[in-house]
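With compact mmCIF, C-alpha atoms inside, this is model_36.txt:
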# COMPACT_ATOMS: atom_id res chain seq x y z
CA MET A 98 0.00 0.00 0.00
CA ALA A 99 1.32 3.45 -0.86
CA SER A 100 2.31 5.55 2.07
CA LEU A 101 0.05 8.38 3.07
CA SER A 102 1.25 11.91 2.48
CA THR A 103 1.06 14.56 5.16
CA ASP A 104 -2.07 15.89 3.49
CA ASP A 105 -4.02 12.62 3.32
CA PRO A 106 -7.48 12.96 4.88
CA VAL A 107 -8.20 10.25 7.46
CA ASP A 108 -11.15 9.62 9.73
CA ASP A 109 -9.05 9.13 12.86
CA PRO A 110 -7.37 12.42 13.94
CA TYR A 111 -4.78 10.39 15.85
CA ALA A 112 -4.01 8.04 12.97
CA TYR A 113 -0.29 8.86 13.03
CA TRP A 114 0.13 9.42 16.74
CA LYS A 115 2.80 6.75 17.39
CA ARG A 116 4.96 7.92 14.50
CA ASN A 117 4.57 11.57 15.45
CA PHE A 118 5.08 10.81 19.16
CA LEU A 119 8.50 9.33 18.36
CA LEU A 120 9.60 12.02 15.91
CA LEU A 121 8.50 14.88 18.13
CA ILE A 122 10.36 13.39 21.09
CA LEU A 123 13.50 12.95 19.00
CA ASP A 124 13.40 16.57 17.90
CA SER A 125 12.60 17.79 21.43
CA THR A 126 15.54 15.81 22.81
CA VAL A 127 17.94 17.21 20.21
CA PHE A 128 16.53 20.72 20.65
CA MET A 129 16.83 20.76 24.44
CA THR A 130 20.34 19.28 24.28
CA ALA A 131 21.38 21.94 21.77
CA VAL A 132 19.75 24.94 23.42
CA SER A 133 21.51 24.21 26.71
CA LEU A 134 24.79 25.04 25.00
CA SER A 135 23.63 28.66 24.90
CA ASP A 136 21.90 28.63 28.27
CA VAL A 137 21.46 32.02 29.91
CA SER A 138 24.04 31.05 32.53
CA ILE A 139 26.62 30.38 29.81
CA LEU A 140 25.98 33.50 27.75
CA SER A 141 25.81 35.76 30.81
CA VAL A 142 29.35 34.72 31.72
CA PHE A 143 30.41 35.21 28.06
CA LEU A 144 28.99 38.73 27.87
CA VAL A 145 30.37 39.87 31.21
CA LYS A 146 33.78 38.52 30.24
CA ALA A 147 33.60 40.18 26.80
CA THR A 148 32.16 43.54 27.88
CA GLY A 149 32.50 43.76 31.66
CA SER A 150 28.83 44.80 31.89
CA THR A 151 26.24 42.95 33.96
CA PHE A 152 23.67 45.45 32.66
CA LEU A 153 24.37 44.35 29.08
CA ALA A 154 23.98 40.72 30.14
CA GLY A 155 20.54 41.58 31.53
CA VAL A 156 19.58 43.44 28.34
CA PHE A 157 20.68 40.45 26.29
CA GLN A 158 18.37 38.13 28.23
CA MET A 159 15.52 40.65 27.98
CA VAL A 160 15.88 40.76 24.19
CA ARG A 161 15.90 36.96 23.95
CA VAL A 162 12.73 36.65 25.99
CA THR A 163 10.87 39.53 24.34
CA VAL A 164 11.46 38.46 20.76
CA PHE A 165 10.52 34.87 21.62
CA PHE A 166 7.13 35.58 23.16
CA ILE A 167 5.77 38.44 21.04
CA PRO A 168 5.43 36.20 17.91
CA GLN A 169 3.30 33.81 19.94
CA LEU A 170 0.67 36.51 20.27
CA LEU A 171 0.81 36.98 16.49
CA SER A 172 0.18 33.25 15.95
CA ILE A 173 -3.19 32.98 17.67
CA ASN A 174 -5.11 32.70 14.38
CA VAL A 175 -3.83 29.19 13.60
CA GLY A 176 -6.82 27.47 15.26
CA GLY A 177 -8.94 27.49 12.13
CA LYS A 178 -6.14 26.35 9.81
CA PRO A 179 -6.38 22.66 8.83
CA TYR A 180 -2.59 22.14 8.77
CA LYS A 181 -0.11 23.15 11.44
CA LYS A 182 3.03 21.22 10.54
CA ARG A 183 3.99 23.32 7.55
CA ILE A 184 3.73 26.48 9.66
CA PHE A 185 6.06 25.51 12.50
CA VAL A 186 8.53 23.59 10.33
CA LYS A 187 9.05 26.63 8.09
CA TRP A 188 9.84 28.95 10.98
CA THR A 189 11.95 26.27 12.68
CA MET A 190 14.28 25.97 9.69
CA VAL A 191 14.73 29.73 9.34
CA GLY A 192 15.35 30.31 13.05
CA ARG A 193 17.89 27.56 13.54
CA CYS A 194 19.93 28.72 10.54
CA CYS A 195 20.33 32.13 12.23
CA LEU A 196 22.70 30.57 14.78
CA LEU A 197 25.30 30.40 12.03
CA ILE A 198 25.72 34.19 12.19
CA ALA A 199 27.48 33.98 15.56
CA VAL A 200 29.51 30.97 14.43
CA LEU A 201 30.84 32.69 11.30
CA ALA A 202 31.64 35.93 13.11
CA THR A 203 33.47 34.17 15.93
CA PHE A 204 35.84 32.33 13.63
CA LEU A 205 36.21 34.90 10.84
CA ALA A 206 36.18 38.25 12.67
CA ARG A 207 38.95 39.61 14.89
CA ASP A 208 37.04 42.46 16.49
CA LEU A 209 35.54 41.37 19.82
CA HIS A 210 32.84 44.04 19.56
CA LEU A 211 31.72 42.58 16.23
CA ILE A 212 31.61 39.10 17.74
CA VAL A 213 29.48 40.33 20.64
CA LEU A 214 27.16 42.02 18.13
CA SER A 215 26.88 38.76 16.17
CA PHE A 216 25.84 36.93 19.33
CA PHE A 217 23.18 39.55 19.96
CA LEU A 218 21.95 39.17 16.37
CA SER A 219 21.93 35.35 16.34
CA PHE A 220 20.22 35.04 19.70
CA ALA A 221 17.66 37.67 18.79
CA LEU A 222 16.74 36.19 15.39
CA PHE A 223 16.72 32.57 16.53
CA PRO A 224 14.16 33.05 19.34
CA LEU A 225 12.19 35.48 17.17
CA PHE A 226 11.54 32.90 14.48
CA ASP A 227 11.29 30.11 17.04
CA GLY A 228 8.53 32.09 18.74
CA PHE A 229 6.37 31.70 15.64
CA THR A 230 6.60 27.91 16.03
CA VAL A 231 5.30 27.57 19.60
CA VAL A 232 1.52 27.92 19.17
CA PRO A 233 1.26 25.85 15.95
CA TRP A 234 3.59 23.26 17.50
CA LEU A 235 1.39 22.96 20.59
CA GLU A 236 -1.68 22.80 18.35
CA TYR A 237 -0.02 20.03 16.38
CA VAL A 238 0.73 18.10 19.58
CA VAL A 239 -2.92 18.43 20.67
CA LYS A 240 -4.26 17.16 17.35
CA SER A 241 -1.64 14.43 16.91
CA ILE A 242 -1.33 12.85 20.36
CA PRO A 243 -4.32 11.46 22.34
CA PRO A 244 -5.07 13.26 25.64
CA PRO A 245 -4.14 10.26 27.88
CA LYS A 246 -0.69 10.23 26.26
CA ARG A 247 0.10 13.94 26.40
CA GLY A 248 1.45 13.95 29.94
CA THR A 249 3.68 11.03 29.00
CA PHE A 250 4.80 12.89 25.89
CA PHE A 251 5.68 16.08 27.73
CA GLY A 252 7.29 14.21 30.60
CA LEU A 253 9.34 11.97 28.29
CA SER A 254 10.37 14.97 26.21
CA GLN A 255 11.53 16.78 29.34
CA GLY A 256 13.26 13.69 30.72
CA LEU A 257 15.18 12.73 27.57
CA GLY A 258 15.94 16.36 26.84
CA ALA A 259 17.31 16.74 30.35
CA ALA A 260 19.49 13.66 29.86
CA GLY A 261 20.86 15.25 26.69
CA MET A 262 21.42 18.49 28.58
CA ILE A 263 23.39 16.65 31.23
CA ALA A 264 25.65 15.31 28.50
CA SER A 265 25.95 18.81 27.05
CA GLY A 266 27.00 20.11 30.45
CA PHE A 267 30.07 17.89 30.36
CA LEU A 268 30.68 18.98 26.76
CA ILE A 269 30.49 22.65 27.81
CA THR A 270 33.09 22.04 30.51
CA LEU A 271 35.32 20.22 28.03
CA ILE A 272 35.10 22.97 25.39
CA LEU A 273 35.53 25.89 27.79
CA ASN A 274 38.62 24.23 29.30
CA ALA A 275 40.13 23.14 25.94
CA PRO A 276 43.64 24.66 25.80
CA HIS A 277 43.54 25.13 21.99
CA LEU A 278 40.27 27.08 22.12
CA ILE A 279 40.92 30.57 23.41
CA PHE A 280 38.22 33.11 24.23
CA PRO A 281 35.89 33.78 22.38
CA GLN A 282 36.45 30.79 20.06
CA ASN A 283 35.49 28.42 22.87
CA TYR A 284 32.05 30.03 23.13
CA GLY A 285 31.76 30.11 19.33
CA THR A 286 32.42 26.37 19.30
CA LEU A 287 29.50 25.86 21.68
CA VAL A 288 27.20 27.68 19.25
CA LEU A 289 28.58 25.67 16.32
CA VAL A 290 27.71 22.39 18.04
CA GLU A 291 24.31 23.83 18.94
CA ALA A 292 23.60 24.74 15.30
CA ILE A 293 24.59 21.28 14.06
CA LEU A 294 22.27 19.59 16.56
CA MET A 295 19.42 22.02 15.82
CA LEU A 296 19.58 21.41 12.07
CA THR A 297 19.67 17.64 12.69
CA GLY A 298 16.37 18.00 14.53
CA VAL A 299 14.77 19.60 11.47
CA GLY A 300 15.17 16.25 9.70
CA PHE A 301 12.88 14.58 12.24
CA LEU A 302 10.22 17.26 11.78
CA LEU A 303 10.15 16.78 8.02
CA TYR A 304 8.95 13.18 8.48
CA LEU A 305 5.96 14.11 10.64
CA ARG A 306 2.51 13.29 9.26
CA GLU A 307 -0.62 15.28 9.79
CA ALA A 308 -4.31 14.52 9.50
CA PRO A 309 -6.02 17.80 8.53
CA ASP A 310 -8.50 19.38 10.89
CA ALA A 311 -12.08 19.76 9.70
CA ALA A 312 -12.65 22.90 7.67
CA THR A 313 -13.90 25.88 9.60
CA THR A 314 -15.87 28.88 8.46
CA ASP A 315 -14.32 31.09 11.12
CA ASP A 316 -12.34 33.72 9.23
CA THR A 317 -11.87 36.12 12.13
CA ARG A 318 -9.00 38.47 11.45
CA LEU A 319 -5.92 38.43 13.65
CA LEU A 320 -6.59 42.02 14.72
CA ASP A 321 -10.13 41.10 15.86
CA LEU A 322 -8.77 38.14 17.83
CA LEU A 323 -6.26 40.40 19.55
CA LYS A 324 -8.99 42.89 20.41
CA GLY A 325 -11.02 40.08 21.99
CA ILE A 326 -8.30 39.03 24.45
CA PRO A 327 -9.20 41.61 27.14
CA ARG A 328 -12.79 40.34 27.12
CA ILE A 329 -11.63 36.74 27.63
CA ILE A 330 -9.46 37.78 30.55
CA ARG A 331 -12.21 39.92 32.05
CA GLU A 332 -14.86 37.19 31.86
CA ASP A 333 -12.79 34.13 32.85
CA GLU A 334 -11.69 34.04 36.49
CA MET A 335 -9.51 30.97 35.93
CA VAL A 336 -7.57 32.70 33.17
CA ARG A 337 -7.07 35.81 35.31
CA ARG A 338 -5.73 33.78 38.19
CA LEU A 339 -3.40 31.78 35.95
CA ILE A 340 -2.08 35.01 34.45
CA LEU A 341 -1.30 36.46 37.87
CA ILE A 342 0.31 33.23 39.03
CA GLN A 343 2.46 33.13 35.93
CA LEU A 344 3.51 36.77 36.25
CA LEU A 345 4.48 36.40 39.90
CA PHE A 346 6.24 33.09 39.37
CA SER A 347 8.20 34.58 36.44
CA CYS A 348 9.88 36.98 38.85
CA TYR A 349 12.38 34.20 39.48
CA SER A 350 14.05 35.57 36.32
CA VAL A 351 15.30 38.61 38.26
CA SER A 352 17.82 36.28 39.88
CA THR A 353 18.29 33.00 38.04
CA PRO A 354 20.14 34.38 34.96
CA PHE A 355 22.88 35.42 37.40
CA TYR A 356 23.22 32.16 39.32
CA ALA A 357 26.37 31.20 37.41
CA LEU A 358 27.85 34.70 37.63
CA PHE A 359 27.16 34.68 41.38
CA ALA A 360 29.01 31.39 41.77
CA VAL A 361 31.98 32.53 39.67
CA THR A 362 32.41 36.11 40.95
CA GLN A 363 31.21 35.83 44.56
CA LEU A 364 31.86 32.24 45.58
CA GLY A 365 35.12 31.72 43.70
CA VAL A 366 33.99 28.84 41.49
CA ASN A 367 36.25 28.37 38.47
CA GLU A 368 34.69 29.57 35.18
CA GLY A 369 35.54 26.25 33.55
CA GLN A 370 33.10 24.56 35.93
CA VAL A 371 30.09 26.45 34.53
CA GLY A 372 29.18 23.44 32.41
CA PHE A 373 28.54 21.46 35.56
CA PHE A 374 25.89 24.01 36.55
CA ILE A 375 23.97 22.87 33.48
CA VAL A 376 24.45 19.26 34.56
CA TYR A 377 22.93 19.98 37.98
CA GLN A 378 20.07 21.95 36.45
CA MET A 379 19.23 19.29 33.89
CA ALA A 380 19.52 16.50 36.46
CA GLY A 381 16.69 18.30 38.25
CA ARG A 382 14.61 18.35 35.08
CA LEU A 383 15.34 14.67 34.44
CA VAL A 384 14.41 13.49 37.93
CA ALA A 385 11.30 15.70 38.07
CA SER A 386 10.03 14.77 34.60
CA PHE A 387 8.54 11.49 35.82
CA PRO A 388 6.35 12.83 38.66
CA TRP A 389 5.45 15.85 36.49
CA ALA A 390 4.25 13.54 33.68
CA HIS A 391 2.19 11.49 36.15
CA LEU A 392 0.50 14.60 37.54
CA CYS A 393 -0.23 15.90 34.03
CA ASN A 394 -1.81 12.61 32.92
CA LYS A 395 -4.03 12.71 36.02
CA GLY A 396 -4.91 16.38 35.52
CA HIS A 397 -3.51 17.37 38.93
CA ASN A 398 -2.17 20.69 37.71
CA LYS A 399 -2.83 22.52 40.96
CA GLN A 400 -0.53 20.12 42.77
CA LEU A 401 2.03 20.54 39.99
CA LEU A 402 1.89 24.34 40.23
CA GLN A 403 2.34 24.21 44.00
CA SER A 404 5.19 21.71 43.79
CA THR A 405 7.12 23.72 41.22
CA GLY A 406 6.57 26.93 43.17
CA LEU A 407 7.94 25.35 46.33
CA LEU A 408 11.01 24.01 44.51
CA MET A 409 11.74 27.40 42.92
CA LEU A 410 11.35 29.10 46.29
CA ALA A 411 13.73 26.59 47.86
CA SER A 412 16.28 27.23 45.09
CA LEU A 413 16.16 30.99 45.68
CA LEU A 414 16.48 30.55 49.44
CA LEU A 415 19.55 28.38 48.94
CA ALA A 416 21.08 31.09 46.77
CA LEU A 417 20.35 33.61 49.53
CA VAL A 418 22.31 31.66 52.13
CA ALA A 419 25.08 30.39 49.84
CA GLY A 420 27.24 33.51 50.10
CA ALA A 421 27.37 33.46 53.88
CA SER A 422 27.92 29.70 53.95
CA TYR A 423 30.87 29.89 51.54
CA ALA A 424 32.37 32.87 53.38
CA ALA A 425 32.18 31.02 56.70
CA ASP A 426 33.40 27.80 55.09
CA ALA A 427 30.40 26.09 56.66
CA PRO A 428 30.15 22.30 56.50
CA GLY A 429 28.28 21.21 53.39
CA ALA A 430 28.55 24.66 51.74
CA SER A 431 29.89 23.10 48.55
CA LEU A 432 26.61 21.20 48.14
CA LEU A 433 24.50 24.36 48.00
CA ILE A 434 25.33 25.30 44.40
CA PRO A 435 24.53 21.86 42.91
CA LEU A 436 21.28 21.67 44.91
CA MET A 437 20.36 25.24 43.95
CA PHE A 438 20.65 24.47 40.23
CA PHE A 439 18.98 21.07 40.67
CA LEU A 440 15.86 22.57 42.24
CA TYR A 441 15.78 25.40 39.68
CA GLY A 442 15.80 22.91 36.79
CA ALA A 443 13.05 20.78 38.31
CA ALA A 444 10.82 23.80 39.00
CA PHE A 445 11.32 25.41 35.59
CA SER A 446 10.14 22.35 33.64
CA GLY A 447 7.17 21.76 35.95
CA MET A 448 5.70 25.24 35.53
CA PHE A 449 5.76 24.93 31.74
CA LEU A 450 3.79 21.69 31.90
CA ALA A 451 1.30 22.89 34.52
CA VAL A 452 0.31 26.17 32.85
CA ASN A 453 0.06 24.76 29.35
CA ASN A 454 -1.98 21.76 30.46
CA TYR A 455 -4.42 24.02 32.26
CA VAL A 456 -4.88 26.00 29.06
CA LEU A 457 -5.32 22.84 27.00
CA GLY A 458 -7.96 21.60 29.43
CA ILE A 459 -10.12 24.73 29.66
CA SER A 460 -10.32 25.75 25.99
CA ASP A 461 -11.61 24.48 22.63
CA ARG A 462 -9.99 24.44 19.21
CA GLN A 463 -10.80 28.07 18.41
CA GLN A 464 -9.99 29.55 21.82
CA ARG A 465 -6.96 27.39 22.63
CA PRO A 466 -4.41 29.19 20.39
CA ILE A 467 -5.64 32.53 21.70
CA LEU A 468 -5.08 31.52 25.33
CA LEU A 469 -1.75 29.83 24.59
CA GLY A 470 -0.49 32.89 22.74
CA THR A 471 -1.79 35.24 25.42
CA MET A 472 -0.32 33.31 28.35
CA ASN A 473 3.07 32.96 26.69
CA ALA A 474 3.16 36.55 25.45
CA LEU A 475 2.81 37.68 29.07
CA TYR A 476 6.45 36.77 29.53
CA VAL A 477 7.20 39.91 27.53
CA VAL A 478 5.96 41.86 30.55
CA THR A 479 8.54 40.17 32.77
CA SER A 480 11.32 40.17 30.15
CA ILE A 481 12.71 43.37 31.68
CA LEU A 482 13.37 41.58 34.97
CA PRO A 483 16.86 40.30 34.04
CA VAL A 484 17.78 43.93 33.27
CA LEU A 485 16.60 44.84 36.77
CA GLY A 486 18.72 42.00 38.10
CA GLY A 487 21.78 43.28 36.23
CA ILE A 488 21.27 46.76 37.69
CA ILE A 489 20.85 45.39 41.23
CA ILE A 490 24.09 43.40 41.21
CA ALA A 491 25.99 46.32 39.66
CA TYR A 492 25.29 48.46 42.72
CA LEU A 493 23.81 46.30 45.47
CA PRO A 494 24.48 42.96 47.18
CA TYR A 495 23.38 39.67 45.63
CA GLU A 496 21.29 39.01 48.71
CA LEU A 497 18.91 41.78 47.70
CA LEU A 498 18.74 40.29 44.21
CA PHE A 499 17.51 36.97 45.57
CA VAL A 500 14.98 38.59 47.90
CA THR A 501 13.53 40.44 44.90
CA SER A 502 12.58 37.04 43.45
CA ILE A 503 11.62 35.27 46.66
CA VAL A 504 8.72 37.56 47.58
CA PRO A 505 6.70 37.30 44.31
CA VAL A 506 7.35 33.56 43.93
CA ALA A 507 5.93 33.08 47.41
CA GLY A 508 2.91 35.13 46.30
CA SER A 509 2.36 32.83 43.32
CA LEU A 510 2.24 29.89 45.72
CA PHE A 511 -0.55 31.54 47.70
CA LEU A 512 -2.63 32.12 44.56
CA ALA A 513 -2.03 28.56 43.32
CA SER A 514 -3.55 27.23 46.55
CA ARG A 515 -6.89 28.73 45.49
CA LEU A 516 -7.08 26.94 42.13
CA ARG A 517 -9.23 23.86 41.48
CA GLN A 518 -7.38 20.63 42.07
CA THR A 519 -8.29 19.15 38.68
CA LEU A 520 -9.69 20.38 35.41
CA ASP A 521 -13.37 19.90 34.63

Rewrite the coordinates I just gave you, this time as structure tokens.
Amino acid sequence: MASLSTDDPVDDPYAYWKRNFLLLILDSTVFMTAVSLSDVSILSVFLVKATGSTFLAGVFQMVRVTVFFIPQLLSINVGGKPYKKRIFVKWTMVGRCCLLIAVLATFLARDLHLIVLSFFLSFALFPLFDGFTVVPWLEYVVKSIPPPKRGTFFGLSQGLGAAGMIASGFLITLILNAPHLIFPQNYGTLVLVEAILMLTGVGFLLYLREAPDAATTDDTRLLDLLKGIPRIIREDEMVRRLILIQLLFSCYSVSTPFYALFAVTQLGVNEGQVGFFIVYQMAGRLVASFPWAHLCNKGHNKQLLQSTGLLMLASLLLALVAGASYAADAPGASLLIPLMFFLYGAAFSGMFLAVNNYVLGISDRQQRPILLGTMNALYVVTSILPVLGGIIIAYLPYELLFVTSIVPVAGSLFLASRLRQTLD
């Protein structure tokens, strides 16, 4: 029998779910492994070393976040489109190729300022185009994978991706300590490996199959959909509460981009050990992926939100006491940094699953992309927080930086306690 094309109409919307389940997990694993090579902790150290400015490091992270989430708000009209694969694959290919700008500049240019500019350009264009993939990708997951398998899918994606990130952490340490790779070529090599892995993942996406959604007569313009968002927020108490929880929880980003810099500049950790920070962080994601997947499959998103909030709060509290513990050479002080990153990694992956699964459970085909785009675009509001963090540590103690995150994260925990335990 001839193989079905990606445009073949079939009666069962999940006809290709096993094939797509595997291919999506393969790409997610490669993607997460690759993106950890340019983790905010890594690039913050690179920028501070290249420019001496913590403020610029904060601006860099703000740009990455802003350009990633704004396109998600511009993608909310995909709900009525019968095919989603062709949308996110197109933007994926363009975005991942943009990483080559930093690679070429690092190895061909001699001017450090030009190399820094190329990093800004690559890591602004890559998340910009990648942002256009998020909503159609999530829509594709919803239409391609049965609901009882989605928690398993997200959990397995997080778990395998975290395993790949652990491996990349050792690779980061190896490359940054390589005697034949001087600064900034060592950081350029990290981006080169990232680009190779990213483009390999595109191959998996090209083999995905898609059963088209039923035709819809809804031709609402994007502008009209955007205008309707305030009404949705005003009329839906659950959405309002989720938005506030997400905004408060996101205040962790005042501090966490500077975890590695804190360890290197304040605690005396060798820069070459930064790769191990990624290992600790991804070990947290790996270990947590299994209970997170179980909670998602059961619909216990309130419990997941509370658990991730508690872990993030614990990570920030550990950062708060780490300076004093290292200064006093307290017993067990050396364990604080690994545990801090471990808890941060576990909490970060859990919040992504909890919020998105709530949205998937309370919306239909037409409203779902609108809510997904709206919730994710809210991160633009908090994208300025790393800049605030950079300003704080330029003039004030790190302890104040961590307190600035602890208070709102604790507030998000209080609000999460008032959510329903399960979705209707």

Identify, on the basis of only C-alpha atoms, every residue whose closest approach to region 149-161 of chain A does not exceed 6 Å; exclude the query and any residue fewer than 5 positions from it along the same chain; express the result as a VMD selection string. chain A and resid 141 144 221 480 to 481 483 to 484 487 to 488

Show me the residues around (9.5, 14.8, 42.5) - criterion: an atom at most 12 Å away, only C-alpha atoms counted - as a VMD selection string. chain A and resid 380 to 392 400 to 401 403 to 405 407 to 408 439 to 440 442 to 444 446 to 447

Of the listed residues A:Val239, A:Ile269, A:Ala260, A:Val288, that which approaches Phe220 (chain A) most closely, counting only C-alpha atoms: A:Val288

Restricting the calculation to all atoms listed in the file: of A:Ala112, A:Val162, A:Leu497, A:Ile467, which residue gets closest to Ala308 (chain A)?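 Ranking A:Ala112, A:Val162, A:Leu497, A:Ile467 by distance to Ala308 (chain A), first place goes to A:Ala112.
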
Within 8 Å of Phe143 (chain A), counting only C-alpha atoms, which residues qualify if same-chain residues fewer than 4 places away don't, as an MDAnalysis selection string? chainID A and resid 139 147 284

Save out the residues we just selected, C-alpha atoms, as a JSON list (two decimals), in the frame of the given file.
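Once written, again21.json looks like this:
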[["chain", "number", "residue", "atom", "x", "y", "z"],
["A", 139, "ILE", "CA", 26.62, 30.38, 29.81],
["A", 147, "ALA", "CA", 33.60, 40.18, 26.80],
["A", 284, "TYR", "CA", 32.05, 30.03, 23.13]]

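Restricting the calculation to only C-alpha atoms, the smallest distance between Asn117 (chain A) and any of A:Lys146, A:Arg306, A:Arg247, A:Lys187 is found for A:Arg306.
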
Pick from A:Met190, A:Leu358, A:Ile272, A:Val456 nearest to Leu140 (chain A), counting only C-alpha atoms: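 Smallest distance to Leu140 (chain A) is found for A:Leu358.
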
For Leu225 (chain A), work out the shell of residues within 7 Å, counting all atoms listed in the file and skipping chain neighbours fewer than 5 positions away, then give it as a PyMOL selection string. chain A and resi 164-165+168

Find the spatial neighbours of Ile434 (chain A), counting only C-alpha atoms, within a cut-off of 10 Å - ignore same-chain residues fewer than 6 positions away - and output them as a ChimeraX atom specification. /A:356-357,360,364,366,374,377,412,415-416,419

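CA of Ala264 (chain A) is positioned 20.7 Å from CA of Phe301 (chain A).
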
Sorted per-residue table, region 398-440 of chain A near region 336-348 of chain A, closest atoms and distance, 10 Å, only C-alpha atoms, as CSV:
residue,atom,partner,partner_atom,distance
A:Leu402,CA,A:Ile342,CA,9.1
A:Thr405,CA,A:Phe346,CA,9.6
A:Gly406,CA,A:Phe346,CA,7.2
A:Met409,CA,A:Phe346,CA,8.7
A:Leu410,CA,A:Phe346,CA,9.5

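In terms of minimum interatomic distance to Phe355 (chain A), A:Ile489 ranks closest within A:Val232, A:Ile489, A:Val504, A:Ala206, counting only C-alpha atoms.
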
For Phe229 (chain A), which of A:Gly192, A:Gly258, A:Gly508, A:Pro244 is the closest residue, counting only C-alpha atoms? A:Gly192

Can you find the residues with an atom no farther than 10 Å from (26.1, 38.0, 14.4), counting only C-alpha atoms, and report them as a list in words? Cys195, Leu196, Leu197, Ile198, Ala199, Val200, Leu201, Ala202, Thr203, Leu211, Ile212, Val213, Leu214, Ser215, Phe216, Phe217, Leu218, Ser219, Phe220, Ala221 and Leu222 of chain A

Emit the selected residues as a PDB file, in the coordinates of the input, including C-alpha atoms.
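File part.pdb, as written:
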ATOM      1  CA  CYS A 195      20.330  32.130  12.230  1.00  0.00           C
ATOM      2  CA  LEU A 196      22.700  30.570  14.780  1.00  0.00           C
ATOM      3  CA  LEU A 197      25.300  30.400  12.030  1.00  0.00           C
ATOM      4  CA  ILE A 198      25.720  34.190  12.190  1.00  0.00           C
ATOM      5  CA  ALA A 199      27.480  33.980  15.560  1.00  0.00           C
ATOM      6  CA  VAL A 200      29.510  30.970  14.430  1.00  0.00           C
ATOM      7  CA  LEU A 201      30.840  32.690  11.300  1.00  0.00           C
ATOM      8  CA  ALA A 202      31.640  35.930  13.110  1.00  0.00           C
ATOM      9  CA  THR A 203      33.470  34.170  15.930  1.00  0.00           C
ATOM     10  CA  LEU A 211      31.720  42.580  16.230  1.00  0.00           C
ATOM     11  CA  ILE A 212      31.610  39.100  17.740  1.00  0.00           C
ATOM     12  CA  VAL A 213      29.480  40.330  20.640  1.00  0.00           C
ATOM     13  CA  LEU A 214      27.160  42.020  18.130  1.00  0.00           C
ATOM     14  CA  SER A 215      26.880  38.760  16.170  1.00  0.00           C
ATOM     15  CA  PHE A 216      25.840  36.930  19.330  1.00  0.00           C
ATOM     16  CA  PHE A 217      23.180  39.550  19.960  1.00  0.00           C
ATOM     17  CA  LEU A 218      21.950  39.170  16.370  1.00  0.00           C
ATOM     18  CA  SER A 219      21.930  35.350  16.340  1.00  0.00           C
ATOM     19  CA  PHE A 220      20.220  35.040  19.700  1.00  0.00           C
ATOM     20  CA  ALA A 221      17.660  37.670  18.790  1.00  0.00           C
ATOM     21  CA  LEU A 222      16.740  36.190  15.390  1.00  0.00           C
TER      22      LEU A 222
END

Suppose you want the space between CA of Thr163 (chain A) and CA of Gln255 (chain A); what is it in Å? 23.3 Å

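CA of Tyr349 (chain A) to CA of Ala451 (chain A) spans 16.6 Å [interatomic distance, one decimal].
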
As lines of an AutoDock Vina configuration file, please: the centre and edge lengths in Å, to one decimal, of an axis-aligned box enclosing every listed atom of region 407-419 of chain A with 3 Å added on each side.
center_x = 16.5
center_y = 28.8
center_z = 47.5
size_x = 23.1
size_y = 15.6
size_z = 15.2
